[in-house]
$ cat input_24.pdb   # PDB, C-alpha atoms and all ligand atoms
ATOM      1  CA  MET A1218     -17.679  11.879   2.567  1.00  0.00           C
ATOM      2  CA  SER A1219     -13.934  12.511   2.535  1.00  0.00           C
ATOM      3  CA  GLU A1220     -13.585  13.227   6.272  1.00  0.00           C
ATOM      4  CA  SER A1221     -13.139   9.549   7.073  1.00  0.00           C
ATOM      5  CA  ILE A1222     -10.493   8.937   4.406  1.00  0.00           C
ATOM      6  CA  ASP A1223      -6.951   9.077   5.744  1.00  0.00           C
ATOM      7  CA  THR A1224      -4.599  10.064   2.924  1.00  0.00           C
ATOM      8  CA  THR A1225      -1.681  11.102   5.108  1.00  0.00           C
ATOM      9  CA  VAL A1226       1.334  11.459   2.854  1.00  0.00           C
ATOM     10  CA  GLY A1227       4.416   9.623   4.019  1.00  0.00           C
ATOM     11  CA  LYS A1228       2.603   7.331   6.435  1.00  0.00           C
ATOM     12  CA  THR A1229       4.371   4.013   7.061  1.00  0.00           C
ATOM     13  CA  MET A1230       2.130   1.256   5.766  1.00  0.00           C
ATOM     14  CA  ASP A1231       1.648  -1.741   8.028  1.00  0.00           C
ATOM     15  CA  GLU A1232      -1.122  -4.328   7.652  1.00  0.00           C
ATOM     16  CA  ALA A1233      -3.574  -2.176   9.613  1.00  0.00           C
ATOM     17  CA  ALA A1234      -2.811   0.822   7.406  1.00  0.00           C
ATOM     18  CA  TYR A1235      -3.444  -1.243   4.277  1.00  0.00           C
ATOM     19  CA  ALA A1236      -6.704  -2.543   5.754  1.00  0.00           C
ATOM     20  CA  ALA A1237      -7.760   1.044   6.489  1.00  0.00           C
ATOM     21  CA  MET A1238      -6.829   2.234   2.996  1.00  0.00           C
ATOM     22  CA  ASN A1239      -8.663  -0.646   1.367  1.00  0.00           C
ATOM     23  CA  GLU A1240     -11.806  -0.042   3.426  1.00  0.00           C
ATOM     24  CA  ALA A1241     -11.581   3.666   2.567  1.00  0.00           C
ATOM     25  CA  LEU A1242     -11.360   2.648  -1.086  1.00  0.00           C
ATOM     26  CA  ARG A1243     -14.422   0.444  -0.757  1.00  0.00           C
ATOM     27  CA  ALA A1244     -16.392   3.281   0.838  1.00  0.00           C
ATOM     28  CA  LEU A1245     -15.214   5.673  -1.887  1.00  0.00           C
ATOM     29  CA  ILE A1246     -16.268   3.555  -4.884  1.00  0.00           C
ATOM     30  CA  CYS A1247     -19.154   1.476  -3.491  1.00  0.00           C
ATOM     31  CA  GLY A1248     -22.274   2.089  -5.568  1.00  0.00           C
ATOM     32  CA  VAL A1249     -20.626   4.634  -7.883  1.00  0.00           C
ATOM     33  CA  PRO A1250     -21.518   3.558 -11.433  1.00  0.00           C
ATOM     34  CA  HIS A1251     -18.591   5.257 -13.222  1.00  0.00           C
ATOM     35  CA  LEU A1252     -15.458   3.237 -13.939  1.00  0.00           C
ATOM     36  CA  THR A1253     -13.193   6.157 -14.869  1.00  0.00           C
ATOM     37  CA  ALA A1254     -14.206   8.170 -11.807  1.00  0.00           C
ATOM     38  CA  ASN A1255     -13.646   5.205  -9.500  1.00  0.00           C
ATOM     39  CA  LEU A1256     -10.215   4.363 -10.909  1.00  0.00           C
ATOM     40  CA  ALA A1257      -9.239   8.042 -10.808  1.00  0.00           C
ATOM     41  CA  ASN A1258     -10.174   8.249  -7.127  1.00  0.00           C
ATOM     42  CA  ALA A1259      -8.448   4.925  -6.423  1.00  0.00           C
ATOM     43  CA  SER A1260      -5.207   6.175  -7.983  1.00  0.00           C
ATOM     44  CA  ALA A1261      -5.429   9.418  -5.985  1.00  0.00           C
ATOM     45  CA  LEU A1262      -6.070   7.508  -2.755  1.00  0.00           C
ATOM     46  CA  ILE A1263      -3.103   5.185  -3.317  1.00  0.00           C
ATOM     47  CA  PHE A1264      -0.769   7.969  -4.454  1.00  0.00           C
ATOM     48  CA  GLY A1265      -1.684  10.068  -1.438  1.00  0.00           C
ATOM     49  CA  THR A1266      -1.437   7.224   1.078  1.00  0.00           C
ATOM     50  CA  LEU A1267       1.731   5.288   0.212  1.00  0.00           C
ATOM     51  CA  SER A1268       5.054   7.028   0.717  1.00  0.00           C
ATOM     52  CA  ASP A1269       7.808   7.520  -1.852  1.00  0.00           C
ATOM     53  CA  LEU A1270       5.823   7.010  -5.062  1.00  0.00           C
ATOM     54  CA  ASN A1271       6.270   8.776  -8.372  1.00  0.00           C
ATOM     55  CA  TRP A1272       3.416   7.049 -10.255  1.00  0.00           C
ATOM     56  CA  ALA A1273       0.238   5.128  -9.364  1.00  0.00           C
ATOM     57  CA  GLY A1274      -2.515   4.160 -11.742  1.00  0.00           C
ATOM     58  CA  PHE A1275      -4.143   1.706 -14.066  1.00  0.00           C
ATOM     59  CA  TYR A1276      -3.749   0.130 -17.478  1.00  0.00           C
ATOM     60  CA  LEU A1277      -6.906  -1.387 -18.952  1.00  0.00           C
ATOM     61  CA  ARG A1278      -6.827  -4.416 -21.238  1.00  0.00           C
ATOM     62  CA  GLU A1279      -8.076  -4.107 -24.779  1.00  0.00           C
ATOM     63  CA  GLY A1280      -7.446  -7.455 -26.482  1.00  0.00           C
ATOM     64  CA  ASP A1281      -3.705  -8.077 -26.697  1.00  0.00           C
ATOM     65  CA  ARG A1282      -2.805  -4.569 -25.425  1.00  0.00           C
ATOM     66  CA  LEU A1283      -2.977  -2.561 -22.249  1.00  0.00           C
ATOM     67  CA  VAL A1284      -4.156   1.026 -22.614  1.00  0.00           C
ATOM     68  CA  LEU A1285      -3.357   3.819 -20.159  1.00  0.00           C
ATOM     69  CA  GLY A1286      -6.145   4.519 -17.664  1.00  0.00           C
ATOM     70  CA  PRO A1287      -6.561   6.947 -14.759  1.00  0.00           C
ATOM     71  CA  PHE A1288      -3.332   7.690 -12.875  1.00  0.00           C
ATOM     72  CA  GLN A1289      -1.337  10.101 -10.720  1.00  0.00           C
ATOM     73  CA  GLY A1290       2.178  11.032 -11.801  1.00  0.00           C
ATOM     74  CA  LYS A1291       3.974  12.088 -14.947  1.00  0.00           C
ATOM     75  CA  VAL A1292       2.611  11.403 -18.424  1.00  0.00           C
ATOM     76  CA  ALA A1293       3.065   7.730 -19.341  1.00  0.00           C
ATOM     77  CA  CYS A1294       3.166   5.413 -22.345  1.00  0.00           C
ATOM     78  CA  ILE A1295      -0.272   4.854 -23.810  1.00  0.00           C
ATOM     79  CA  GLU A1296      -0.147   1.250 -25.056  1.00  0.00           C
ATOM     80  CA  ILE A1297       1.728  -1.793 -23.717  1.00  0.00           C
ATOM     81  CA  PRO A1298       1.494  -5.162 -25.505  1.00  0.00           C
ATOM     82  CA  VAL A1299       0.489  -8.087 -23.267  1.00  0.00           C
ATOM     83  CA  GLY A1300       3.735  -9.926 -22.469  1.00  0.00           C
ATOM     84  CA  ARG A1301       5.915  -6.790 -22.610  1.00  0.00           C
ATOM     85  CA  GLY A1302       7.287  -4.744 -19.750  1.00  0.00           C
ATOM     86  CA  VAL A1303       6.369  -5.235 -16.132  1.00  0.00           C
ATOM     87  CA  CYS A1304       2.682  -4.541 -16.798  1.00  0.00           C
ATOM     88  CA  GLY A1305       2.410  -6.860 -19.794  1.00  0.00           C
ATOM     89  CA  THR A1306       4.223  -9.613 -17.898  1.00  0.00           C
ATOM     90  CA  ALA A1307       1.775  -9.311 -14.979  1.00  0.00           C
ATOM     91  CA  VAL A1308      -1.070  -9.904 -17.443  1.00  0.00           C
ATOM     92  CA  ALA A1309       0.620 -12.730 -19.372  1.00  0.00           C
ATOM     93  CA  GLN A1310       1.516 -14.579 -16.167  1.00  0.00           C
ATOM     94  CA  ASP A1311      -1.593 -13.465 -14.245  1.00  0.00           C
ATOM     95  CA  ARG A1312       0.702 -12.801 -11.315  1.00  0.00           C
ATOM     96  CA  THR A1313       1.800  -9.785  -9.300  1.00  0.00           C
ATOM     97  CA  GLN A1314       5.221  -8.503 -10.371  1.00  0.00           C
ATOM     98  CA  LEU A1315       7.246  -7.117  -7.456  1.00  0.00           C
ATOM     99  CA  VAL A1316      10.345  -5.553  -8.989  1.00  0.00           C
ATOM    100  CA  GLU A1317      13.059  -4.296  -6.658  1.00  0.00           C
ATOM    101  CA  ASP A1318      15.156  -2.841  -9.499  1.00  0.00           C
ATOM    102  CA  VAL A1319      13.350  -2.041 -12.735  1.00  0.00           C
ATOM    103  CA  HIS A1320      16.672  -1.677 -14.577  1.00  0.00           C
ATOM    104  CA  ALA A1321      17.308  -5.387 -14.009  1.00  0.00           C
ATOM    105  CA  PHE A1322      13.853  -6.400 -15.348  1.00  0.00           C
ATOM    106  CA  PRO A1323      14.106  -7.620 -18.960  1.00  0.00           C
ATOM    107  CA  GLY A1324      11.961  -5.429 -21.211  1.00  0.00           C
ATOM    108  CA  HIS A1325      11.039  -2.904 -18.544  1.00  0.00           C
ATOM    109  CA  ILE A1326       9.328   0.089 -20.171  1.00  0.00           C
ATOM    110  CA  ALA A1327      10.684   3.341 -18.730  1.00  0.00           C
ATOM    111  CA  CYS A1328       7.906   5.950 -18.668  1.00  0.00           C
ATOM    112  CA  ASP A1329       9.380   8.114 -15.914  1.00  0.00           C
ATOM    113  CA  GLY A1330      13.164   8.026 -15.626  1.00  0.00           C
ATOM    114  CA  ALA A1331      12.798   8.556 -11.874  1.00  0.00           C
ATOM    115  CA  SER A1332      11.332   5.053 -11.381  1.00  0.00           C
ATOM    116  CA  ASN A1333      13.601   2.462  -9.776  1.00  0.00           C
ATOM    117  CA  ALA A1334      11.139   0.020  -8.218  1.00  0.00           C
ATOM    118  CA  GLU A1335       7.700  -1.103  -9.370  1.00  0.00           C
ATOM    119  CA  ILE A1336       4.796  -3.330  -8.365  1.00  0.00           C
ATOM    120  CA  VAL A1337       2.074  -4.404 -10.793  1.00  0.00           C
ATOM    121  CA  VAL A1338      -1.049  -6.269  -9.623  1.00  0.00           C
ATOM    122  CA  PRO A1339      -3.523  -7.954 -12.008  1.00  0.00           C
ATOM    123  CA  ILE A1340      -7.238  -7.113 -11.729  1.00  0.00           C
ATOM    124  CA  HIS A1341      -9.809  -9.683 -12.874  1.00  0.00           C
ATOM    125  CA  ALA A1342     -13.371  -9.783 -14.152  1.00  0.00           C
ATOM    126  CA  ARG A1343     -15.296 -12.706 -15.635  1.00  0.00           C
ATOM    127  CA  GLY A1344     -12.334 -15.011 -14.992  1.00  0.00           C
ATOM    128  CA  ALA A1345      -9.777 -12.983 -16.976  1.00  0.00           C
ATOM    129  CA  VAL A1346      -7.243 -10.228 -16.349  1.00  0.00           C
ATOM    130  CA  VAL A1347      -8.935  -7.011 -17.462  1.00  0.00           C
ATOM    131  CA  ALA A1348      -6.601  -4.385 -15.966  1.00  0.00           C
ATOM    132  CA  VAL A1349      -3.510  -3.863 -13.829  1.00  0.00           C
ATOM    133  CA  LEU A1350      -2.715  -1.604 -10.912  1.00  0.00           C
ATOM    134  CA  ASP A1351       0.783  -0.201 -11.560  1.00  0.00           C
ATOM    135  CA  ILE A1352       2.800   1.630  -8.888  1.00  0.00           C
ATOM    136  CA  ASP A1353       6.309   3.073  -9.288  1.00  0.00           C
ATOM    137  CA  SER A1354       8.836   4.400  -6.781  1.00  0.00           C
ATOM    138  CA  PRO A1355      12.151   6.214  -7.107  1.00  0.00           C
ATOM    139  CA  LEU A1356      13.477   4.110  -4.181  1.00  0.00           C
ATOM    140  CA  PRO A1357      15.143   0.807  -5.166  1.00  0.00           C
ATOM    141  CA  GLY A1358      13.554  -2.056  -3.211  1.00  0.00           C
ATOM    142  CA  ARG A1359      10.650   0.181  -2.130  1.00  0.00           C
ATOM    143  CA  PHE A1360       8.019  -2.582  -2.308  1.00  0.00           C
ATOM    144  CA  THR A1361       7.896  -5.555   0.084  1.00  0.00           C
ATOM    145  CA  GLU A1362       5.774  -8.644   0.620  1.00  0.00           C
ATOM    146  CA  LEU A1363       3.640  -6.523   2.945  1.00  0.00           C
ATOM    147  CA  ASP A1364       2.954  -4.150   0.044  1.00  0.00           C
ATOM    148  CA  ARG A1365       2.177  -7.103  -2.203  1.00  0.00           C
ATOM    149  CA  ARG A1366      -0.420  -8.447   0.237  1.00  0.00           C
ATOM    150  CA  GLY A1367      -1.941  -5.020   0.829  1.00  0.00           C
ATOM    151  CA  LEU A1368      -2.143  -4.109  -2.851  1.00  0.00           C
ATOM    152  CA  GLU A1369      -3.484  -7.519  -3.856  1.00  0.00           C
ATOM    153  CA  GLN A1370      -6.251  -6.801  -1.355  1.00  0.00           C
ATOM    154  CA  THR A1371      -6.739  -3.431  -3.081  1.00  0.00           C
ATOM    155  CA  ALA A1372      -7.229  -5.325  -6.340  1.00  0.00           C
ATOM    156  CA  ARG A1373      -9.790  -7.626  -4.675  1.00  0.00           C
ATOM    157  CA  VAL A1374     -11.779  -4.582  -3.484  1.00  0.00           C
ATOM    158  CA  LEU A1375     -11.768  -3.177  -7.021  1.00  0.00           C
ATOM    159  CA  GLU A1376     -12.861  -6.540  -8.439  1.00  0.00           C
ATOM    160  CA  GLU A1377     -15.691  -6.875  -5.912  1.00  0.00           C
ATOM    161  CA  GLU A1378     -16.989  -3.330  -6.166  1.00  0.00           C
ATOM    162  CA  LEU A1379     -16.489  -2.759  -9.914  1.00  0.00           C
ATOM    163  CA  SER A1380     -17.307  -6.198 -11.322  1.00  0.00           C
ATOM    164  CA  ALA A1381     -20.206  -4.778 -13.323  1.00  0.00           C
ATOM    165  CA  LEU A1382     -18.055  -1.971 -14.766  1.00  0.00           C
ATOM    166  CA  LEU A1383     -14.755  -3.710 -15.586  1.00  0.00           C
TER     167      LEU A1383
HETATM  168  N1  LIG B1401       7.126   0.433 -16.301  1.00  0.00           N
HETATM  169  C1  LIG B1401       5.920  -0.122 -16.889  1.00  0.00           C
HETATM  170  C2  LIG B1401       5.316   0.846 -17.868  1.00  0.00           C
HETATM  171  C3  LIG B1401       4.288   1.748 -17.274  1.00  0.00           C
HETATM  172  S1  LIG B1401       4.949   3.004 -16.350  1.00  0.00           S
HETATM  173  O1  LIG B1401       5.686   2.435 -15.210  1.00  0.00           O
HETATM  174  C4  LIG B1401       3.766   3.997 -15.803  1.00  0.00           C
HETATM  175  C5  LIG B1401       6.237  -1.439 -17.559  1.00  0.00           C
HETATM  176  O2  LIG B1401       7.396  -1.807 -17.707  1.00  0.00           O
HETATM  177  O3  LIG B1401       5.299  -2.121 -17.955  1.00  0.00           O
END

$ encode --input "input_24.pdb" --output "structure tokens" --more "lines below"
Ligand code: SME
Amino acid sequence: MSESIDTTVGKTMDEAAYAAMNEALRALICGVPHLTANLANASALIFGTLSDLNWAGFYLREGDRLVLGPFQGKVACIEIPVGRGVCGTAVAQDRTQLVEDVHAFPGHIACDGASNAEIVVPIHARGAVVAVLDIDSPLPGRFTELDRRGLEQTARVLEEELSALL
């Protein structure tokens, strides 16, 4: 199963690389009826594929809070109120947050002091935001519009393949 999954660390991500990662993700989770296992593998795939990350994972919505889900990286805060931090803002606005400098983001929640840039992408089910994909980097300005497009496509794959589980 894993032979076809390219998780080369440090690879430069262009559109083709994102398309390959997102198809690898689809193959990895398609038909697997376990949400935690799928999100754990998704976080490992992303963390192993994108360069210069220190955290990649998920927060899952429970009412007016986000609760820590599967991730790769250092231990992280467990609950984030909707509307707070980068993650809570992504949910409240239902919009990807691409943050070049987390220290300039009002209310940023510092889980790992090494983080300098962050991207948070909402994930939907039944017409609502039910989770976010959160990725941190120690490199200021690490994430670009190309990353936004690629990771929003990652979120679409998760929505399509996990709609019954989210
Ligand atoms: N920085 C996030 C908190 C989660 S950690 O990055 C893993 C935020 O401000 O919402």

$ atom_distance --input "input_24.pdb" --atom1 "CA of Val1308 in chain A" --atom2 "CA of His1320 in chain A"
19.8 Å

$ residues_around --input "input_24.pdb" --residues "range 1363-1380 of chain A" --least-positions-apart "5" --cutoff "6 Å" --atoms "only C-alpha atoms" --output "PyMOL selection string"
chain A and resi 1235+1239+1247+1340

$ atom_distance --input "input_24.pdb" --atom1 "CA of Ala1261 in chain A" --atom2 "CA of Gly1274 in chain A"
8.3 Å

$ residues_near_ligand --input "input_24.pdb" --ligand "ligand LIG 1401 (chain B)" --cutoff "8 Å" --atoms "all atoms listed in the file" --output "ChimeraX atom specification"
/A:1272-1274,1292-1294,1297,1301-1306,1319,1324-1329,1332,1335,1351-1353

$ atom_distance --input "input_24.pdb" --atom1 "CA of Leu1242 in chain A" --atom2 "CA of Ala1254 in chain A"
12.4 Å

$ closest_residue --input "input_24.pdb" --among "A:Ala1233, A:Leu1277, A:Leu1315, A:Asp1269" --to "Val1338 in chain A" --atoms "only C-alpha atoms"
A:Leu1315

$ axis_aligned_box --input "input_24.pdb" --around "range 1329-1339 of chain A" --padding-each-side "8 Å" --output "JSON"
{"center_x": 5.0, "center_y": 0.3, "center_z": -12.1, "size_x": 33.1, "size_y": 32.5, "size_z": 23.7}

$ closest_residue --input "input_24.pdb" --among "A:Gly1290, A:Gly1330, A:Gly1248, A:Gly1265" --to "Pro1355 in chain A" --atoms "only C-alpha atoms"
A:Gly1330

$ resolve_selection --input "input_24.pdb" --expression "the PyMOL selection byres (((chain A and resi 1339) around 7) and not hetatm)" --output "PyMOL selection string"
chain A and resi 1307-1308+1311-1313+1337-1338+1340-1341+1346+1348-1350

$ closest_residue --input "input_24.pdb" --among "A:Gly1344, A:Pro1250, A:Leu1383, A:Val1316" --to "Arg1278 in chain A" --atoms "only C-alpha atoms"
A:Leu1383

$ resolve_selection --input "input_24.pdb" --expression "the PyMOL selection byres (((chain A and resi 1295) around 6) and not hetatm)" --output "JSON, numbers by chain"
{"A": [1284, 1285, 1294, 1296]}

$ write_last_selection --input "input_24.pdb" --atoms "C-alpha atoms" --output "JSON list (two decimals), in the coordinates of the input"
[["chain", "number", "residue", "atom", "x", "y", "z"],
["A", 1284, "VAL", "CA", -4.16, 1.03, -22.61],
["A", 1285, "LEU", "CA", -3.36, 3.82, -20.16],
["A", 1294, "CYS", "CA", 3.17, 5.41, -22.34],
["A", 1296, "GLU", "CA", -0.15, 1.25, -25.06]]

$ closest_residue --input "input_24.pdb" --among "A:Pro1287, A:Ala1331, A:Thr1229, A:Ala1241" --to "Asn1255 in chain A" --atoms "only C-alpha atoms"
A:Pro1287

$ closest_residue --input "input_24.pdb" --among "A:Gln1314, A:Leu1270, A:Ala1309, A:Arg1243" --to "Arg1359 in chain A" --atoms "only C-alpha atoms"
A:Leu1270

$ closest_residue --input "input_24.pdb" --among "A:Gln1310, A:Gly1300, A:Leu1245, A:Ile1336" --to "Glu1362 in chain A" --atoms "all atoms listed in the file"
A:Ile1336

$ decode --input "input_24.pdb" --residues "range 1333-1346 of chain A" --atoms "N, CA and C atoms" --output "short mmCIF file (atom, residue, chain, number, x, y, z; two decimals), in the first residue's frame"
data_model
loop_
_atom_site.label_atom_id
_atom_site.label_comp_id
_atom_site.auth_asym_id
_atom_site.auth_seq_id
_atom_site.Cartn_x
_atom_site.Cartn_y
_atom_site.Cartn_z
N ASN A 1333 6.61 30.29 13.57
CA ASN A 1333 6.62 31.68 13.12
C ASN A 1333 5.60 31.95 12.02
N ALA A 1334 5.22 30.92 11.28
CA ALA A 1334 4.21 31.06 10.24
C ALA A 1334 3.20 29.93 10.39
N GLU A 1335 1.97 30.18 9.91
CA GLU A 1335 0.91 29.19 10.12
C GLU A 1335 -0.11 29.29 9.00
N ILE A 1336 -0.71 28.15 8.65
CA ILE A 1336 -1.85 28.15 7.74
C ILE A 1336 -2.91 27.23 8.33
N VAL A 1337 -4.15 27.72 8.36
CA VAL A 1337 -5.26 26.95 8.92
C VAL A 1337 -6.39 26.93 7.89
N VAL A 1338 -6.84 25.71 7.55
CA VAL A 1338 -7.84 25.51 6.50
C VAL A 1338 -9.09 24.87 7.09
N PRO A 1339 -10.26 25.48 6.92
CA PRO A 1339 -11.50 24.87 7.43
C PRO A 1339 -11.87 23.60 6.67
N ILE A 1340 -12.48 22.67 7.39
CA ILE A 1340 -13.00 21.42 6.81
C ILE A 1340 -14.49 21.35 7.14
N HIS A 1341 -15.29 21.01 6.12
CA HIS A 1341 -16.76 21.10 6.26
C HIS A 1341 -17.42 19.73 6.20
N ALA A 1342 -18.57 19.65 6.84
CA ALA A 1342 -19.49 18.52 6.66
C ALA A 1342 -20.90 19.03 6.95
N ARG A 1343 -21.86 18.56 6.20
CA ARG A 1343 -23.26 18.97 6.39
C ARG A 1343 -23.41 20.48 6.42
N GLY A 1344 -22.63 21.18 5.59
CA GLY A 1344 -22.78 22.62 5.43
C GLY A 1344 -22.16 23.46 6.53
N ALA A 1345 -21.39 22.85 7.44
CA ALA A 1345 -20.79 23.61 8.53
C ALA A 1345 -19.30 23.27 8.66
N VAL A 1346 -18.56 24.15 9.33
CA VAL A 1346 -17.16 23.85 9.62
C VAL A 1346 -17.11 22.87 10.80
#
